[in-house]
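Q: The structure that follows is given in the form of structure tokens.
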Amino acid sequence: MNAELNELTTKLSASWYVAMLSKDLKSTPVAVKLFGEELVAWRDARGVPVVMDRYCSHLGASLADGKVVDGCIQCPFHHWRFDATGGCAHIPGHQPDVPRLVRIPSGARQRIYATAERYGYIWVWYGSQAPQHPLPEVPTADVGRPDHMVLRVAYDTRTTVLRIVENFYDAQHAAPVHALPITAFDLKVFDASQASPEFAGMVKAGAWFGGSIEFKVSRYFGAMGMFANLIGLNMSRMYLTFDGYPGGCLMSVTLDNEEKYKLLQCVTPVDTRENVMHALIAIPRRGRFRDLANYVLFGLQTKSAAGADVQLWNAMKPDGGGAFSRYDSLVLKYRSFYKQWVDRVGREPATPSAPEDMPAARSVG
Ligand code: FES
Ligand SMILES: [Fe+2]
């Protein structure tokens with residue numbers, strides 16, 4: 001059982017992952033490495049992101065050195081062009097009166113990945129041709145929301161995706177790693193009836209993992225503790241709720257009885273032990289001074305907390321360990337959930353779940 005669980009820690013689940021930040025993909029193709037594969041990202045004529053095999057199916061040139069022409073990516077070598085579906089749309093002729101010299105060979109095709117763009121990220125689906133669950137639904141993190149401040153941070157790690165995405169459920173590390181002065185904590189796993197309406201699509205796809213950790217704390221914590229005290233942000237109860245999905249988690253943070261912010265954790269899986277952890281923090285606006293204080297406080301806190309996690313992850317053996325205590329119950333439940341989505345890699349869904357199937361955004365305020 002434990003050997004099986006440890007083996008799982010190095011596997012990638014079928015899910016949505018972050019290919020890159022939206023702002024990093026402009027009009028020229030960009031070389032990316034995802035899932036251990038060398039790929040290229042570019043935008044078609046409508047600006048929709050495309051992620052495909054980097055090496056040209058003709059003679060293997062790098063399409064990342066090509067350019068986008070008429071909504072297709074044009075190879076730098078012989079100028080064959082591939083459209084957003086991966087099909088070869090054009091092979092140039094060499095006489096003015098013959099626009100196309102040869103028939104397009106059937107193998108002239110680039111493998112593509114399903115993509116989506118939201119929250120300032122370009123998402124890419126891993127595990128099957130068609131997506132099997134929707135994107136996490138976080139309307140307050142949508143680009144251009146005037147009522148929320150959004151902060152995005154990213155960390156390079158040398159651990160596996162599961163070890164990153166299971167970390168939120170590990171209440172036991174909050175005191176030793178994050179200096180949270182806990183007097184008690186309580187772990188819960190939610191059932192589907194407790195999911196908020198935003199996650200109905202995720203629940204339907206069997207891709208939702210809900211839970212909570214309630215911490216009793218003796219005072220505010222971390223490097224910003226004094227500052228927090230100064231602005232009256234002391235607290236005695238920290239309540240974290242989780243809307244987990246196979247490739248990440250949305251954490252909602254309530255201090256005493258007020259929800260302070262949401263943190264969307266997602267991952268860029270570069271290679272088995274080379275992954276970028278992204279954290280998007282969405283903080284409701286409450287007025288000038290308060291906003292600045294919250295931005296600094298929650299932003300810095302997340303940064304320093306993530307920094308401490310990354311240091312640990314980078315030095316650990318991702319498939320090590322295996323003697324679990326009852327405090328690991330939430331982590332272990334998440335692992336069995338994650339396993340179901342590792343098992344879906346390579347299987348096509350009966351009914352694909354495209355991002356358009358996502359339930360309508362409900363405003364939270
Ligand atoms: S190698 Fe790409 S067109 Fe020839
Ligand atoms: Fe942590």
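To be explicit about the labels: the chains of the structure tokens are called A, B, and onward in the order shown, and within each one the residues are counted from 1, while ligands get numbers from 1 in the order they are shown.
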Which of segment 126-168 of chain A end up as helix (DSSP H, G or I) when DSSP is run on this backbone - answer as a PDB file with N, CA and C atoms, in the first residue's frame?
A:
```pdb
ATOM      1  N   PRO A 139     -14.036  33.376 -10.034  1.00  0.00           N
ATOM      2  CA  PRO A 139     -14.407  34.627 -10.708  1.00  0.00           C
ATOM      3  C   PRO A 139     -13.670  35.846 -10.158  1.00  0.00           C
ATOM      4  N   THR A 140     -13.370  35.842  -8.860  1.00  0.00           N
ATOM      5  CA  THR A 140     -12.711  37.018  -8.266  1.00  0.00           C
ATOM      6  C   THR A 140     -11.273  37.167  -8.749  1.00  0.00           C
ATOM      7  N   ALA A 141     -10.736  36.147  -9.399  1.00  0.00           N
ATOM      8  CA  ALA A 141      -9.363  36.237  -9.902  1.00  0.00           C
ATOM      9  C   ALA A 141      -9.330  36.590 -11.389  1.00  0.00           C
ATOM     10  N   VAL A 161       4.790  17.167  -8.875  1.00  0.00           N
ATOM     11  CA  VAL A 161       3.526  17.913  -8.805  1.00  0.00           C
ATOM     12  C   VAL A 161       2.711  17.513  -7.569  1.00  0.00           C
ATOM     13  N   LEU A 162       2.599  16.212  -7.319  1.00  0.00           N
ATOM     14  CA  LEU A 162       1.775  15.793  -6.174  1.00  0.00           C
ATOM     15  C   LEU A 162       2.304  16.371  -4.866  1.00  0.00           C
ATOM     16  N   ARG A 163       3.631  16.370  -4.704  1.00  0.00           N
ATOM     17  CA  ARG A 163       4.178  16.873  -3.437  1.00  0.00           C
ATOM     18  C   ARG A 163       3.879  18.362  -3.256  1.00  0.00           C
ATOM     19  N   ILE A 164       3.721  19.071  -4.368  1.00  0.00           N
ATOM     20  CA  ILE A 164       3.358  20.495  -4.291  1.00  0.00           C
ATOM     21  C   ILE A 164       1.874  20.633  -3.950  1.00  0.00           C
ATOM     22  N   VAL A 165       1.038  19.924  -4.714  1.00  0.00           N
ATOM     23  CA  VAL A 165      -0.398  20.177  -4.584  1.00  0.00           C
ATOM     24  C   VAL A 165      -1.020  19.534  -3.335  1.00  0.00           C
ATOM     25  N   ASN A 167       0.404  19.771  -0.418  1.00  0.00           N
ATOM     26  CA  ASN A 167       0.989  20.459   0.738  1.00  0.00           C
ATOM     27  C   ASN A 167      -0.005  21.258   1.581  1.00  0.00           C
ATOM     28  N   PHE A 168      -1.013  21.851   0.927  1.00  0.00           N
ATOM     29  CA  PHE A 168      -2.010  22.628   1.675  1.00  0.00           C
ATOM     30  C   PHE A 168      -2.740  21.778   2.719  1.00  0.00           C
TER      31      PHE A 168
END
```
Q: Using only C-alpha atoms and all ligand atoms, which residues of the polymer chains come no farther than 7 Å from ligand 2? I'd like the answer as a list in words.
A: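 Using only C-alpha atoms and all ligand atoms, I find these residues within 7 Å of ligand 2: Asn167, Phe168, His173, Ala174, Val177, His178, Ala305, Ala306 and Asp309 of chain A.
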Q: Dump as JSON lines the rows for residues of chain A within 7 Å of ligand 1: closest atom pair and distance in Å with one decimal, only C-alpha atoms and all ligand atoms counted, ordered by chain and rising residue number.
A:
```
{"residue": "A:Cys56", "atom": "CA", "partner": "ligand 1", "partner_atom_place_in_ligand_line": "2 (Fe)", "distance": 4.6}
{"residue": "A:Ser57", "atom": "CA", "partner": "ligand 1", "partner_atom_place_in_ligand_line": "2 (Fe)", "distance": 6.6}
{"residue": "A:His58", "atom": "CA", "partner": "ligand 1", "partner_atom_place_in_ligand_line": "1 (S)", "distance": 4.6}
{"residue": "A:Leu59", "atom": "CA", "partner": "ligand 1", "partner_atom_place_in_ligand_line": "1 (S)", "distance": 3.7}
{"residue": "A:Gly60", "atom": "CA", "partner": "ligand 1", "partner_atom_place_in_ligand_line": "1 (S)", "distance": 4.9}
{"residue": "A:Ala61", "atom": "CA", "partner": "ligand 1", "partner_atom_place_in_ligand_line": "1 (S)", "distance": 4.5}
{"residue": "A:Cys75", "atom": "CA", "partner": "ligand 1", "partner_atom_place_in_ligand_line": "2 (Fe)", "distance": 4.6}
{"residue": "A:Pro76", "atom": "CA", "partner": "ligand 1", "partner_atom_place_in_ligand_line": "2 (Fe)", "distance": 6.5}
{"residue": "A:Phe77", "atom": "CA", "partner": "ligand 1", "partner_atom_place_in_ligand_line": "4 (Fe)", "distance": 4.8}
{"residue": "A:His78", "atom": "CA", "partner": "ligand 1", "partner_atom_place_in_ligand_line": "3 (S)", "distance": 3.8}
{"residue": "A:His79", "atom": "CA", "partner": "ligand 1", "partner_atom_place_in_ligand_line": "3 (S)", "distance": 4.9}
{"residue": "A:Trp80", "atom": "CA", "partner": "ligand 1", "partner_atom_place_in_ligand_line": "3 (S)", "distance": 4.3}
```
Q: When you count only C-alpha atoms, which of these residues is closest to Glu37 of chain A: A:Trp123, A:Thr254, A:Arg111, A:Phe242?
A: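 The answer is A:Arg111, which sits nearest to Glu37 of chain A.
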Q: Leu250 of chain A: which residues within 8 Å, counting only C-alpha atoms, same-chain residues fewer than 6 positions away excluded, as a ChimeraX atom specification?
A: /A:136,242-244,262-265
Q: What lies within 12 Å of Glu258 of chain A using only C-alpha atoms, ignoring chain neighbours under 3 positions off, as a list of chain:residue names?
A: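 Near neighbours after the sequence-gap exclusion: A:Leu233, A:Met235, A:Ser236, A:Arg237, A:Met238, A:Tyr239, A:Leu240, A:Ser252, A:Val253, A:Thr254, A:Leu255, A:Tyr261, A:Lys262, A:Ile283, A:Pro284, A:Gly365.
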Q: Tell me, as a ChimeraX atom specification, which residues lie within 10 Å of Val69 of chain A, counting only C-alpha atoms; anything in the same chain fewer than 4 positions away does not count.
A: /A:44-45,73-75,79,81-83
Q: For Phe215 of chain A, which residue out of A:Phe185, A:Trp313, A:Phe190, A:Phe199 is the nearest one, using only C-alpha atoms?
A: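 Ranked by minimum distance to Phe215 of chain A, first place goes to A:Phe185.
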Q: Report as a list of chain:residue names all protein, DNA and RNA residues lying within 9 Å of Met202 of chain A, evaluated on only C-alpha atoms, omitting residues in the same chain fewer than 5 positions from it.
A: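 So, after excluding close chain neighbours, the residues are A:His133, A:Pro134, A:Leu135, A:Pro136, A:Glu137, A:Ala207, A:Trp208, A:Tyr245, A:Met358.
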Q: Enumerate, in order of chain and increasing residue number, the residues of segment 10-127 of chain A with an atom no farther than 12 Å from segment 337-351 of chain A, each with its shortest atom pair and distance in Å to one decimal, counting only C-alpha atoms, as CSV.
A:
```
residue,atom,partner,partner_atom,distance
A:Thr10,CA,A:Val342,CA,10.3
A:Lys11,CA,A:Val342,CA,6.8
A:Leu12,CA,A:Val342,CA,6.0
A:Ser13,CA,A:Val342,CA,3.9
A:Ala14,CA,A:Val345,CA,5.2
A:Ser15,CA,A:Trp341,CA,7.6
A:Trp16,CA,A:Trp341,CA,11.3
A:Trp125,CA,A:Val345,CA,10.8
A:Tyr126,CA,A:Val345,CA,7.7
A:Gly127,CA,A:Val345,CA,4.2
```
Q: Just the strand (DSSP E or B) stuff from segment 12-252 of chain A, please, per backbone DSSP, written as a PyMOL selection string.
A: chain A and resi 15-21+30-34+37-43+49-53+55+62+67-69+72-74+81-82+87-90+95+98+109+112-113+115-118+121-126+148-157+182-189+209-217+237-245+248-252
Q: Determine, counting only C-alpha atoms, which protein, DNA and RNA residues have an atom within 7 Å of an atom of segment 3-6 of chain A; residues of the same chain fewer than 3 positions away are not included. Present the result as a PyMOL selection string.
A: chain A and resi 9+319-320
Q: Could you check which of A:Asp53, A:Asp24, A:Glu117, A:Asp328 is closest to Lys188 of chain A, using only C-alpha atoms?
A: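 Nearest candidate to Lys188 of chain A out of A:Asp53, A:Asp24, A:Glu117, A:Asp328: A:Asp328.
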Q: For a quick check of understanding, using only C-alpha atoms, which of A:Ala179, A:Val50, A:Ala205, A:Val276 has the smallest distance to Ser304 of chain A?
A: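 Nearest to Ser304 of chain A: A:Ala179.
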Q: Just to confirm, what's the straight-line distance from atom CA of Leu187 of chain A to atom CA of Asp256 of chain A in Å (one decimal)?
A: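 Interatomic distance here is 17.1 Å.
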Q: Which distance in Å separates atom CA of Asn257 of chain A and atom CA of Phe289 of chain A, to one decimal?
A: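 So the two atoms, atom CA of Asn257 of chain A and atom CA of Phe289 of chain A, lie 20.5 Å apart.
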Q: From the options A:Leu34, A:Ile122, A:Cys88, A:Leu300, which residue's atoms come nearest to Pro49 of chain A, counting only C-alpha atoms?
A: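 Smallest distance to Pro49 of chain A is found for A:Ile122.
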